[in-house]
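Undergrad: One file: model.csv (CSV, C-alpha atoms).
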chain,number,residue,atom,x,y,z
A,1,MET,CA,43.3,117.5,55.6
A,2,LEU,CA,45.3,114.4,55.0
A,3,ARG,CA,48.7,114.1,56.6
A,4,ARG,CA,51.5,112.1,55.1
A,5,ALA,CA,52.7,109.3,57.4
A,6,ALA,CA,56.3,109.7,58.5
A,7,PRO,CA,58.7,107.2,56.9
A,8,ALA,CA,59.3,104.1,58.9
A,9,ALA,CA,62.7,104.1,60.6
A,10,VAL,CA,65.2,101.9,59.0
A,11,ALA,CA,66.8,99.5,61.4
A,12,GLU,CA,70.5,99.7,61.6
A,13,PRO,CA,72.0,96.5,60.3
A,14,ILE,CA,73.8,94.1,62.6
A,15,VAL,CA,77.6,94.1,62.3
A,16,HIS,CA,79.7,90.9,62.8
A,17,LEU,CA,83.3,91.4,63.9
A,18,LEU,CA,86.3,89.3,65.0
A,19,ASP,CA,88.8,90.8,67.4
A,20,ILE,CA,92.2,89.0,67.2
A,21,ASP,CA,94.5,89.2,70.1
A,22,ALA,CA,97.8,87.4,69.7
A,23,ALA,CA,100.6,86.3,72.0
A,24,GLU,CA,102.6,89.2,73.5
A,25,GLY,CA,104.4,91.2,70.8
A,26,GLU,CA,101.8,90.7,68.1
A,27,PRO,CA,99.4,93.6,67.2
A,28,ALA,CA,95.7,93.2,67.9
A,29,ARG,CA,93.4,93.3,64.8
A,30,ARG,CA,89.7,93.6,64.0
A,31,VAL,CA,88.2,92.1,60.9
A,32,ALA,CA,84.6,92.0,59.6
A,33,ILE,CA,82.7,88.8,59.0
A,34,GLY,CA,80.5,88.6,55.9
A,35,PRO,CA,79.0,88.5,53.5
A,36,GLY,CA,81.3,85.7,52.3
A,37,PRO,CA,82.9,83.1,54.5
A,38,LEU,CA,86.1,84.1,56.4
A,39,THR,CA,88.9,81.5,56.2
A,40,ILE,CA,91.5,81.4,59.0
A,41,GLY,CA,94.8,79.6,59.0
A,42,ARG,CA,98.6,79.8,58.8
A,43,GLY,CA,98.7,79.7,55.0
A,44,ALA,CA,99.0,82.8,52.9
A,45,GLN,CA,95.8,82.0,51.1
A,46,SER,CA,93.7,82.5,54.2
A,47,ASP,CA,91.6,85.6,54.7
A,48,VAL,CA,93.0,85.9,58.3
A,49,VAL,CA,96.6,84.7,58.5
A,50,LEU,CA,97.8,83.6,62.0
A,51,PRO,CA,101.6,83.0,61.8
A,52,SER,CA,102.2,80.2,64.2
A,53,GLY,CA,103.2,76.6,63.9
A,54,ASP,CA,100.4,75.7,66.3
A,55,VAL,CA,97.9,76.9,63.7
A,56,SER,CA,97.1,74.7,60.7
A,57,ARG,CA,97.4,76.1,57.1
A,58,SER,CA,93.7,75.9,56.7
A,59,HIS,CA,92.5,75.9,60.3
A,60,CYS,CA,88.8,76.9,60.4
A,61,ILE,CA,86.1,79.0,58.6
A,62,ILE,CA,83.5,81.4,59.9
A,63,ALA,CA,80.4,82.1,57.9
A,64,LEU,CA,77.1,83.8,58.4
A,65,GLU,CA,74.1,81.6,58.4
A,66,ASP,CA,70.6,83.0,59.0
A,67,GLY,CA,72.2,86.1,60.6
A,68,ALA,CA,74.4,84.2,63.0
A,69,ALA,CA,78.1,83.4,62.8
A,70,VAL,CA,79.0,79.7,62.6
A,71,VAL,CA,82.6,78.4,63.0
A,72,THR,CA,83.7,75.1,61.4
A,73,ASP,CA,87.0,73.5,62.0
A,74,LEU,CA,88.7,72.3,58.8
A,75,GLY,CA,90.5,69.3,60.3
A,76,SER,CA,93.2,71.3,62.0
A,77,THR,CA,95.9,69.5,64.0
A,78,ASN,CA,95.2,71.3,67.3
A,79,GLY,CA,91.6,72.0,66.9
A,80,THR,CA,89.4,75.1,67.2
A,81,ILE,CA,88.6,75.8,70.9
A,82,VAL,CA,85.4,77.7,71.5
A,83,ASP,CA,85.0,79.0,75.1
A,84,GLY,CA,87.3,76.3,76.4
A,85,ARG,CA,85.9,73.3,74.4
A,86,ARG,CA,87.0,71.8,71.2
A,87,ALA,CA,84.5,72.3,68.3
A,88,ASP,CA,83.7,68.9,66.9
A,89,GLY,CA,81.4,70.2,64.2
A,90,PRO,CA,79.8,73.5,63.0
A,91,GLN,CA,79.2,75.6,66.0
A,92,ARG,CA,77.0,78.7,66.3
A,93,LEU,CA,78.8,81.6,68.1
A,94,ALA,CA,77.2,83.8,70.7
A,95,SER,CA,78.5,87.4,70.9
A,96,GLY,CA,81.5,87.4,73.1
A,97,ALA,CA,82.6,83.8,72.3
A,98,ARG,CA,86.3,83.3,72.6
A,99,LEU,CA,88.1,81.1,70.0
A,100,ALA,CA,91.6,79.8,70.9
A,101,LEU,CA,93.8,78.9,67.9
A,102,GLY,CA,97.4,78.2,69.1
A,103,PRO,CA,98.7,81.3,70.8
A,104,PHE,CA,95.9,83.5,69.3
A,105,THR,CA,92.6,84.4,70.9
A,106,LEU,CA,89.7,85.5,68.6
A,107,VAL,CA,86.7,87.1,70.1
A,108,TYR,CA,83.5,87.2,68.1
A,109,ARG,CA,81.3,90.3,68.6
A,110,SER,CA,78.0,91.3,67.0
A,111,GLY,CA,75.9,94.4,67.4
A,112,ARG,CA,75.0,97.7,65.7
A,113,ALA,CA,77.7,100.0,64.3
A,114,ALA,CA,76.8,102.8,66.8
A,115,GLU,CA,77.3,100.4,69.7
A,116,PHE,CA,80.8,99.5,68.4
A,117,ALA,CA,81.7,103.1,68.0
A,118,ARG,CA,80.8,103.8,71.7
A,119,THR,CA,82.8,100.7,72.7
A,120,GLU,CA,85.9,101.9,70.8
A,121,GLU,CA,85.8,105.2,72.6
A,122,VAL,CA,85.8,103.4,75.9
A,123,GLU,CA,88.7,101.2,74.7
A,124,LYS,CA,90.7,104.3,73.8
A,125,ASP,CA,90.1,105.7,77.2
A,126,LEU,CA,91.4,102.5,78.8
A,127,ALA,CA,94.5,102.6,76.6
A,128,ARG,CA,95.2,106.2,77.6
A,129,ALA,CA,94.9,105.3,81.2
A,130,GLY,CA,97.2,102.3,80.8
A,131,ARG,CA,99.8,104.4,79.1
A,132,TYR,CA,99.6,107.0,81.9
A,133,VAL,CA,100.2,104.4,84.6
A,134,ALA,CA,103.1,102.9,82.7
A,135,ALA,CA,104.8,106.3,82.4
A,136,LEU,CA,105.0,106.5,86.2
A,137,LEU,CA,106.9,103.2,86.6
A,138,PRO,CA,110.6,103.6,87.7
A,139,PRO,CA,113.6,102.6,85.6
A,140,PRO,CA,115.5,99.5,86.5
A,141,LEU,CA,118.5,99.8,88.9
A,142,ALA,CA,121.6,97.9,87.8
A,143,ASP,CA,124.1,99.2,90.3
A,144,GLY,CA,124.3,100.0,94.0
A,145,PRO,CA,123.5,98.1,97.2
A,146,VAL,CA,119.9,97.5,96.0
A,147,ARG,CA,119.3,96.3,92.4
A,148,ALA,CA,115.8,96.5,91.0
A,149,ASP,CA,114.1,95.2,87.9
A,150,TRP,CA,110.5,94.6,86.9
A,151,ARG,CA,108.1,93.3,84.3
A,152,PHE,CA,104.6,94.9,83.8
A,153,VAL,CA,102.1,93.3,81.4
A,154,PRO,CA,98.8,95.1,81.3
A,155,SER,CA,95.7,93.1,80.4
A,156,THR,CA,93.2,94.2,77.8
A,157,ASN,CA,90.8,94.8,80.7
A,158,ILE,CA,93.0,97.4,82.5
A,159,GLY,CA,93.3,96.9,86.2
A,160,GLY,CA,94.8,99.0,89.0
A,161,ASP,CA,98.3,97.7,89.4
A,162,GLY,CA,101.1,100.0,90.4
A,163,PHE,CA,104.5,99.8,91.9
A,164,GLY,CA,107.6,101.9,92.6
A,165,TYR,CA,110.9,102.2,94.5
A,166,GLY,CA,113.6,104.7,95.2
A,167,TRP,CA,116.0,106.1,97.8
A,168,LEU,CA,114.5,108.1,100.6
A,169,ASP,CA,117.9,109.3,101.7
A,170,GLU,CA,121.5,108.0,101.2
A,171,ASN,CA,120.9,105.0,103.5
A,172,ARG,CA,117.2,104.0,103.1
A,173,PHE,CA,115.5,102.5,100.1
A,174,ALA,CA,111.7,102.2,99.8
A,175,ALA,CA,109.7,99.8,97.6
A,176,TRP,CA,106.0,99.2,97.2
A,177,LEU,CA,103.4,97.4,95.1
A,178,LEU,CA,99.7,98.1,95.1
A,179,ASP,CA,96.5,96.7,93.5
A,180,VAL,CA,93.3,98.7,93.3
A,181,SER,CA,90.0,96.9,93.4
A,182,GLY,CA,88.1,96.4,90.2
A,183,HIS,CA,89.1,97.2,86.6
A,184,GLY,CA,88.8,100.2,84.2
A,185,VAL,CA,89.8,103.8,84.1
A,186,GLY,CA,88.8,104.6,87.7
A,187,SER,CA,91.0,101.8,89.1
A,188,ALA,CA,93.9,102.8,87.0
A,189,LEU,CA,93.7,106.5,87.9
A,190,LEU,CA,93.4,105.8,91.6
A,191,ALA,CA,96.6,103.6,91.3
A,192,ALA,CA,98.3,106.5,89.5
A,193,SER,CA,97.3,109.0,92.3
A,194,VAL,CA,98.8,106.8,95.0
A,195,MET,CA,101.9,106.2,92.9
A,196,ASN,CA,102.5,109.9,92.5
A,197,LEU,CA,102.1,110.5,96.2
A,198,LEU,CA,104.5,107.8,97.1
A,199,ARG,CA,107.2,108.6,94.6
A,200,VAL,CA,107.4,112.3,95.6
A,201,HIS,CA,106.7,111.7,99.3
A,202,SER,CA,103.7,113.9,99.3
A,203,LEU,CA,101.8,112.9,102.4
A,204,PRO,CA,102.1,115.7,105.0
A,205,GLY,CA,103.2,114.6,108.5
A,206,THR,CA,104.1,111.1,107.3
A,207,ASP,CA,107.4,109.3,108.1
A,208,PHE,CA,108.1,107.6,104.9
A,209,THR,CA,110.8,105.4,106.5
A,210,ASP,CA,108.0,103.8,108.7
A,211,ALA,CA,105.7,101.4,106.8
A,212,ALA,CA,103.0,101.7,109.5
A,213,SER,CA,103.0,105.5,109.2
A,214,VAL,CA,102.7,105.3,105.4
A,215,LEU,CA,99.8,102.8,105.4
A,216,ALA,CA,97.9,104.9,108.1
A,217,ALA,CA,98.3,108.1,106.1
A,218,LEU,CA,97.1,106.4,102.9
A,219,ASN,CA,94.2,104.9,104.7
A,220,ASP,CA,93.2,108.4,106.1
A,221,ARG,CA,93.4,109.9,102.6
A,222,PHE,CA,91.8,107.2,100.5
A,223,GLN,CA,88.7,106.0,102.3
A,224,MET,CA,86.5,104.2,99.8
A,225,ASP,CA,83.4,106.3,100.5
A,226,ARG,CA,85.4,109.2,99.0
A,227,GLN,CA,86.8,107.1,96.1
A,228,GLY,CA,83.7,105.9,94.4
A,229,GLY,CA,83.7,102.7,96.4
A,230,LEU,CA,87.3,101.8,95.4
A,231,TYR,CA,89.9,100.6,97.8
A,232,PHE,CA,93.4,99.1,97.3
A,233,SER,CA,95.8,96.6,98.8
A,234,ILE,CA,99.5,97.5,99.2
A,235,TRP,CA,102.9,96.1,100.3
A,236,TYR,CA,105.3,98.8,101.5
A,237,GLY,CA,108.9,98.3,102.8
A,238,VAL,CA,112.0,100.3,103.7
A,239,TYR,CA,115.5,98.8,103.7
A,240,ASP,CA,118.3,100.4,105.7
A,241,VAL,CA,121.7,99.6,104.2
A,242,ARG,CA,123.5,100.3,107.5
A,243,THR,CA,121.6,97.8,109.6
A,244,ARG,CA,120.4,95.5,106.8
A,245,ILE,CA,117.0,95.7,108.4
A,246,LEU,CA,113.9,95.7,106.1
A,247,GLY,CA,110.8,97.2,107.8
A,248,PHE,CA,107.6,96.4,106.0
A,249,GLY,CA,103.8,96.4,106.2
A,250,CYS,CA,100.9,95.0,104.3
A,251,ALA,CA,97.4,96.3,103.9
A,252,GLY,CA,95.2,93.6,102.5
A,253,GLN,CA,98.0,92.4,100.3
A,254,HIS,CA,99.5,88.9,100.0
A,255,PRO,CA,103.1,88.6,101.2
A,256,GLY,CA,106.3,89.6,99.5
A,257,PHE,CA,108.6,86.6,99.3
A,258,MET,CA,112.3,86.7,100.0
A,259,MET,CA,114.7,84.1,98.7
A,260,VAL,CA,117.7,83.7,101.0
A,261,PRO,CA,121.0,82.0,99.7
A,262,GLY,CA,121.1,78.4,100.9
A,263,ASP,CA,117.3,78.2,101.6
A,264,ALA,CA,115.1,76.2,99.3
A,265,ALA,CA,111.8,77.8,100.0
A,266,PRO,CA,110.9,81.5,99.8
A,267,HIS,CA,110.2,83.3,103.1
A,268,PRO,CA,106.9,85.2,103.3
A,269,LEU,CA,107.0,88.8,104.5
A,270,TRP,CA,103.5,89.6,105.7
A,271,VAL,CA,101.6,91.5,108.4
A,272,LYS,CA,97.9,91.2,108.8
A,273,ASN,CA,96.1,94.5,108.1
A,274,PRO,CA,93.0,95.5,106.2
A,275,ALA,CA,93.2,97.0,102.7
A,276,VAL,CA,93.5,100.8,102.5
A,277,GLY,CA,90.1,102.5,102.4
A,278,LEU,CA,88.1,99.9,104.3
A,279,ALA,CA,88.5,100.8,108.0
A,280,PRO,CA,88.9,104.4,109.2
A,281,ASP,CA,91.6,105.1,111.8
A,282,TRP,CA,93.0,101.5,111.7
A,283,PRO,CA,96.2,101.0,113.7
A,284,TYR,CA,98.4,99.6,111.0
A,285,ARG,CA,101.2,97.3,112.1
A,286,ARG,CA,104.7,96.6,110.7
A,287,ALA,CA,107.4,94.0,111.0
A,288,GLU,CA,111.1,93.7,110.5
A,289,VAL,CA,113.5,91.2,109.0
A,290,VAL,CA,117.3,91.1,108.6
A,291,VAL,CA,118.3,90.8,105.0
A,292,PRO,CA,121.4,88.7,104.4
A,293,PRO,CA,123.8,89.5,101.5
A,294,GLY,CA,122.6,88.0,98.2
A,295,ALA,CA,118.9,87.9,99.2
A,296,ARG,CA,116.3,88.5,96.6
A,297,LEU,CA,112.8,90.0,97.3
A,298,HIS,CA,109.9,89.3,95.0
A,299,LEU,CA,106.8,91.6,94.9
A,300,PHE,CA,104.0,90.7,92.5
A,301,SER,CA,100.3,91.4,91.9
A,302,ASP,CA,97.7,88.6,92.1
A,303,GLY,CA,97.5,88.7,88.3
A,304,ALA,CA,100.8,86.7,88.3
A,305,PHE,CA,99.2,83.7,90.0
A,306,GLU,CA,95.4,83.9,89.5
A,307,VAL,CA,95.6,82.7,86.0
A,308,ILE,CA,93.4,80.2,84.1
A,309,THR,CA,95.2,77.2,82.7
A,310,PRO,CA,94.5,75.7,79.3
A,311,ASP,CA,92.4,73.0,81.1
A,312,GLY,CA,90.2,75.7,82.7
A,313,LEU,CA,91.7,75.5,86.2
A,314,GLN,CA,92.5,78.7,88.2
A,315,LEU,CA,95.9,78.7,89.9
A,316,THR,CA,96.7,80.1,93.3
A,317,ILE,CA,99.6,81.6,95.0
A,318,GLY,CA,100.7,78.2,96.2
A,319,ASP,CA,101.2,77.2,92.5
A,320,PHE,CA,103.4,80.2,92.0
A,321,LEU,CA,105.8,79.7,94.9
A,322,PRO,CA,107.7,76.8,93.2
A,323,VAL,CA,108.3,79.2,90.3
A,324,LEU,CA,109.9,81.7,92.7
A,325,ALA,CA,112.1,79.0,94.1
A,326,ALA,CA,113.3,77.7,90.7
A,327,PRO,CA,116.9,78.6,89.8
A,328,PRO,CA,117.6,81.6,87.7
A,329,VAL,CA,118.2,81.3,84.0
A,330,HIS,CA,121.5,82.5,82.8
A,331,GLY,CA,121.2,85.6,80.6
A,332,LEU,CA,117.5,86.1,81.4
A,333,ALA,CA,116.4,88.8,83.8
A,334,GLU,CA,114.5,87.4,86.8
A,335,PRO,CA,111.2,89.3,86.2
A,336,GLU,CA,111.3,88.1,82.6
A,337,ARG,CA,111.8,84.5,83.8
A,338,LEU,CA,108.8,84.7,86.0
A,339,TRP,CA,106.6,86.3,83.3
A,340,ARG,CA,107.4,83.5,80.9
A,341,ALA,CA,106.4,81.0,83.5
A,342,VAL,CA,103.1,82.8,84.0
A,343,ARG,CA,102.5,83.0,80.3
A,344,ASN,CA,103.3,79.3,79.8
A,345,ALA,CA,101.0,78.2,82.6
A,346,SER,CA,98.0,80.3,81.3
A,347,ARG,CA,95.5,79.6,78.6
A,348,ALA,CA,96.1,81.3,75.2
A,349,GLY,CA,95.2,84.9,74.7
A,350,PRO,CA,95.4,87.9,76.9
A,351,LEU,CA,95.3,87.5,80.6
A,352,ASP,CA,92.3,88.6,82.7
A,353,ASP,CA,94.3,90.9,85.0
A,354,ASP,CA,97.4,93.1,84.9
A,355,VAL,CA,100.7,91.3,85.8
A,356,SER,CA,103.3,93.2,87.9
A,357,LEU,CA,106.5,91.5,88.8
A,358,VAL,CA,109.2,93.4,90.8
A,359,THR,CA,112.5,91.9,91.9
A,360,LEU,CA,114.9,93.5,94.4
A,361,ASP,CA,118.4,92.1,94.9
A,362,PHE,CA,120.4,93.1,98.0
A,363,VAL,CA,124.2,93.1,97.6
Give the structure from the file, written as structure tokens.
TA:
Amino acid sequence: MLRRAAPAAVAEPIVHLLDIDAAEGEPARRVAIGPGPLTIGRGAQSDVVLPSGDVSRSHCIIALEDGAAVVTDLGSTNGTIVDGRRADGPQRLASGARLALGPFTLVYRSGRAAEFARTEEVEKDLARAGRYVAALLPPPLADGPVRADWRFVPSTNIGGDGFGYGWLDENRFAAWLLDVSGHGVGSALLAASVMNLLRVHSLPGTDFTDAASVLAALNDRFQMDRQGGLYFSIWYGVYDVRTRILGFGCAGQHPGFMMVPGDAAPHPLWVKNPAVGLAPDWPYRRAEVVVPPGARLHLFSDGAFEVITPDGLQLTIGDFLPVLAAPPVHGLAEPERLWRAVRNASRAGPLDDDVSLVTLDFV
């Protein structure tokens, strides 16, 4: 008896896409490449219009050649930058290649449609996690003996930043900033868990007016072997309006920096302790500082200073300190001033990590 052979499986075709992330405030887009060439520029006749004076009217073109995407600059003023280098002629793109055109970053991706569908589900999960963390952030405080403002800019690769502040009682004000290791939903949800505990003071047997007590309680609760290998750094401080003393502690975190009227350089507020989750039963230490009237405290995540410049250099916290010491800009909130400095120093496109900037002013 003859058996009919099963039909050969038809290979799913390769899809070529371009993800377009603009400067802050512009919506992200995804466009397909092929079968015809894709023209990109500022002019309305382009297939992909990028509205910026730094983009030429006819900037570049992307076409499929032998199943691969090739980008060609069209004599643009500022050039087409592919993975940090200017494209001098037609250049074949590898999947994941990043094109910088003015303030826009275009990421080329190729793969099968089913793979993209799975990726989109992951991206949706990341977006939901990011929105959840953002919903936990406190409102700015414009009145009272402590004024607070902040700027939070999540990256496309969501991290584990979190911060908060509030009155413990009528005289004592607490503030904190934390950063969970790694990226993704797990890091974001761990940050959210810690933020929830701190904002409702839900650590039994913990004196929330004492930074060392808070750090020790967090360390006991969030050991990394019970958190999927994740740990976090945190700066936590409590200010007493009666004594003007700020007691603070750090766990694997870089310093907070205080600007004091009349002093040119910021004062680091730091105590050496390991990150939360690394060392069981660690005896966390704290320190104190007297806060003069008119002082300003800056808390920020490492995403604010570990940025890549247009030249491909990675900045450090030492590069960020002069920004803290620069004079305020009239009519511009201090966290916004700092964010603009970060954005101006970094290469085009989305940042690689979340940026959290918190400013506390002491009347």
Undergrad: Let me make sure I understand: among A:Pro154, A:Gly277, A:Gly249, A:Gly162, which one has the smallest atom-to-atom distance to A:Asp353 if we use all atoms listed in the file?
TA: A:Pro154
Undergrad: Applying 8 Å and only C-alpha atoms, which residues near A:Phe232 remain after dropping the ones on its own chain fewer than 5 positions away? List them as a ChimeraX atom specification.
TA: /A:178-181,252,275-277
Undergrad: For A:Ile33, which of A:Val15, A:Leu332, A:Ile308, A:Val342 is the closest residue, counting all atoms listed in the file?
TA: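 So, comparing all the options, the nearest one is A:Val15.
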Undergrad: Can you tell me how far atom CA of A:Phe163 sits from atom CA of A:Ala325, in Å to one decimal?
TA: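 Answer for the atom CA of A:Phe163 to atom CA of A:Ala325 separation: 22.3 Å.
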Undergrad: For atom CA of A:Pro327 and atom CA of A:Val291, quote the distance in Å rounded to one decimal.
TA: 19.5 Å
Undergrad: Skip A:Ala63 itself and residues of its chain fewer than 6 positions away, then list as a list in words all residues within 6 Å of it, counting only C-alpha atoms.
TA: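 Near neighbours after the sequence-gap exclusion: Pro37, Ala69 and Val70 of chain A.
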Undergrad: Pick the closest to A:Cys250 from A:Val31, A:Val290, A:Leu137, A:Leu299: which is it, counting all atoms listed in the file?
TA: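 The shortest atom-to-atom distance to A:Cys250 comes from A:Leu299.
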Undergrad: (81.3, 87.3, 75.6) in this file's frame - what residues fall within 8 Å of it? Use only C-alpha atoms and give the answer as a list in words.
TA: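 Counting only C-alpha atoms, I find these residues within 8 Å of (81.3, 87.3, 75.6): Ala94, Ser95, Gly96, Ala97, Arg98, Val107, Tyr108 and Arg109 of chain A.
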Undergrad: Between stretch 91-197 of chain A and stretch 241-246 of chain A, at 10 Å or less, what are the per-residue closest atom pairs and their distances in Å? Count all atoms listed in the file, order by chain and rising residue number, and return it as a Markdown table.
TA:
| residue | atom | partner | partner_atom | distance |
| --- | --- | --- | --- | --- |
| A:Pro145 | CA | A:Val241 | CA | 7.4 |
| A:Val146 | CA | A:Val241 | CA | 8.7 |
| A:Glu170 | CA | A:Val241 | CA | 8.9 |
| A:Asn171 | CA | A:Val241 | CA | 5.5 |
| A:Arg172 | CA | A:Val241 | CA | 6.4 |
| A:Phe173 | CA | A:Val241 | CA | 8.0 |
| A:Ala174 | CA | A:Leu246 | CA | 9.3 |
Undergrad: Have a look at atom CA of A:Val185 and atom CA of A:Gly229 and let me know their distance in Å, one decimal.
TA: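 Atom CA of A:Gly229 lies 13.8 Å from atom CA of A:Val185.
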Undergrad: Nearest residue to A:Leu357 out of A:Leu215, A:His267, A:Tyr165, A:Asp149, using all atoms listed in the file?
TA: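 Ranked by minimum distance to A:Leu357, first place goes to A:Asp149.
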Undergrad: Ranking A:Phe362, A:Phe152, A:Tyr132, A:Trp176 by minimum distance to A:Leu190 and counting all atoms listed in the file, which one comes first?
TA: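 Checking each candidate against A:Leu190, we get A:Tyr132 as the closest.
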Undergrad: Rank nothing, just name the residue among A:Tyr236, A:Arg42, A:Ala341, A:Glu334 nearest to A:Asp319, using all atoms listed in the file.
TA: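 Closest to A:Asp319, using all atoms listed in the file: A:Ala341.
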Undergrad: With all atoms listed in the file as the counted atoms, please give the residues lying no more than 9 Å from A:Arg285, apart from itself and same-chain residues fewer than 5 positions off, as JSON, numbers by chain.
TA: {"A": [211, 212, 213, 215, 248, 249, 250, 271, 272, 273]}
Undergrad: Save the residues we just selected, C-alpha atoms, as a compact mmCIF listing (two decimals), keeping the file's coordinate frame?
TA:
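After the write, out26.txt holds the following:
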# COMPACT_ATOMS: atom_id res chain seq x y z
CA ALA A 211 105.70 101.40 106.80
CA ALA A 212 103.00 101.70 109.50
CA SER A 213 103.00 105.50 109.20
CA LEU A 215 99.80 102.80 105.40
CA PHE A 248 107.60 96.40 106.00
CA GLY A 249 103.80 96.40 106.20
CA CYS A 250 100.90 95.00 104.30
CA VAL A 271 101.60 91.50 108.40
CA LYS A 272 97.90 91.20 108.80
CA ASN A 273 96.10 94.50 108.10
Undergrad: Contacts of A:Val153 at 7 Å or less, counting all atoms listed in the file, minus same-chain residues fewer than 4 places along, as a ChimeraX atom specification?
TA: /A:354-356
Undergrad: May I have the residues within 10 Å of A:Arg30 as a ChimeraX atom specification, using only C-alpha atoms and disregarding those fewer than 6 positions away in the same chain?
TA: /A:17-21,106-108
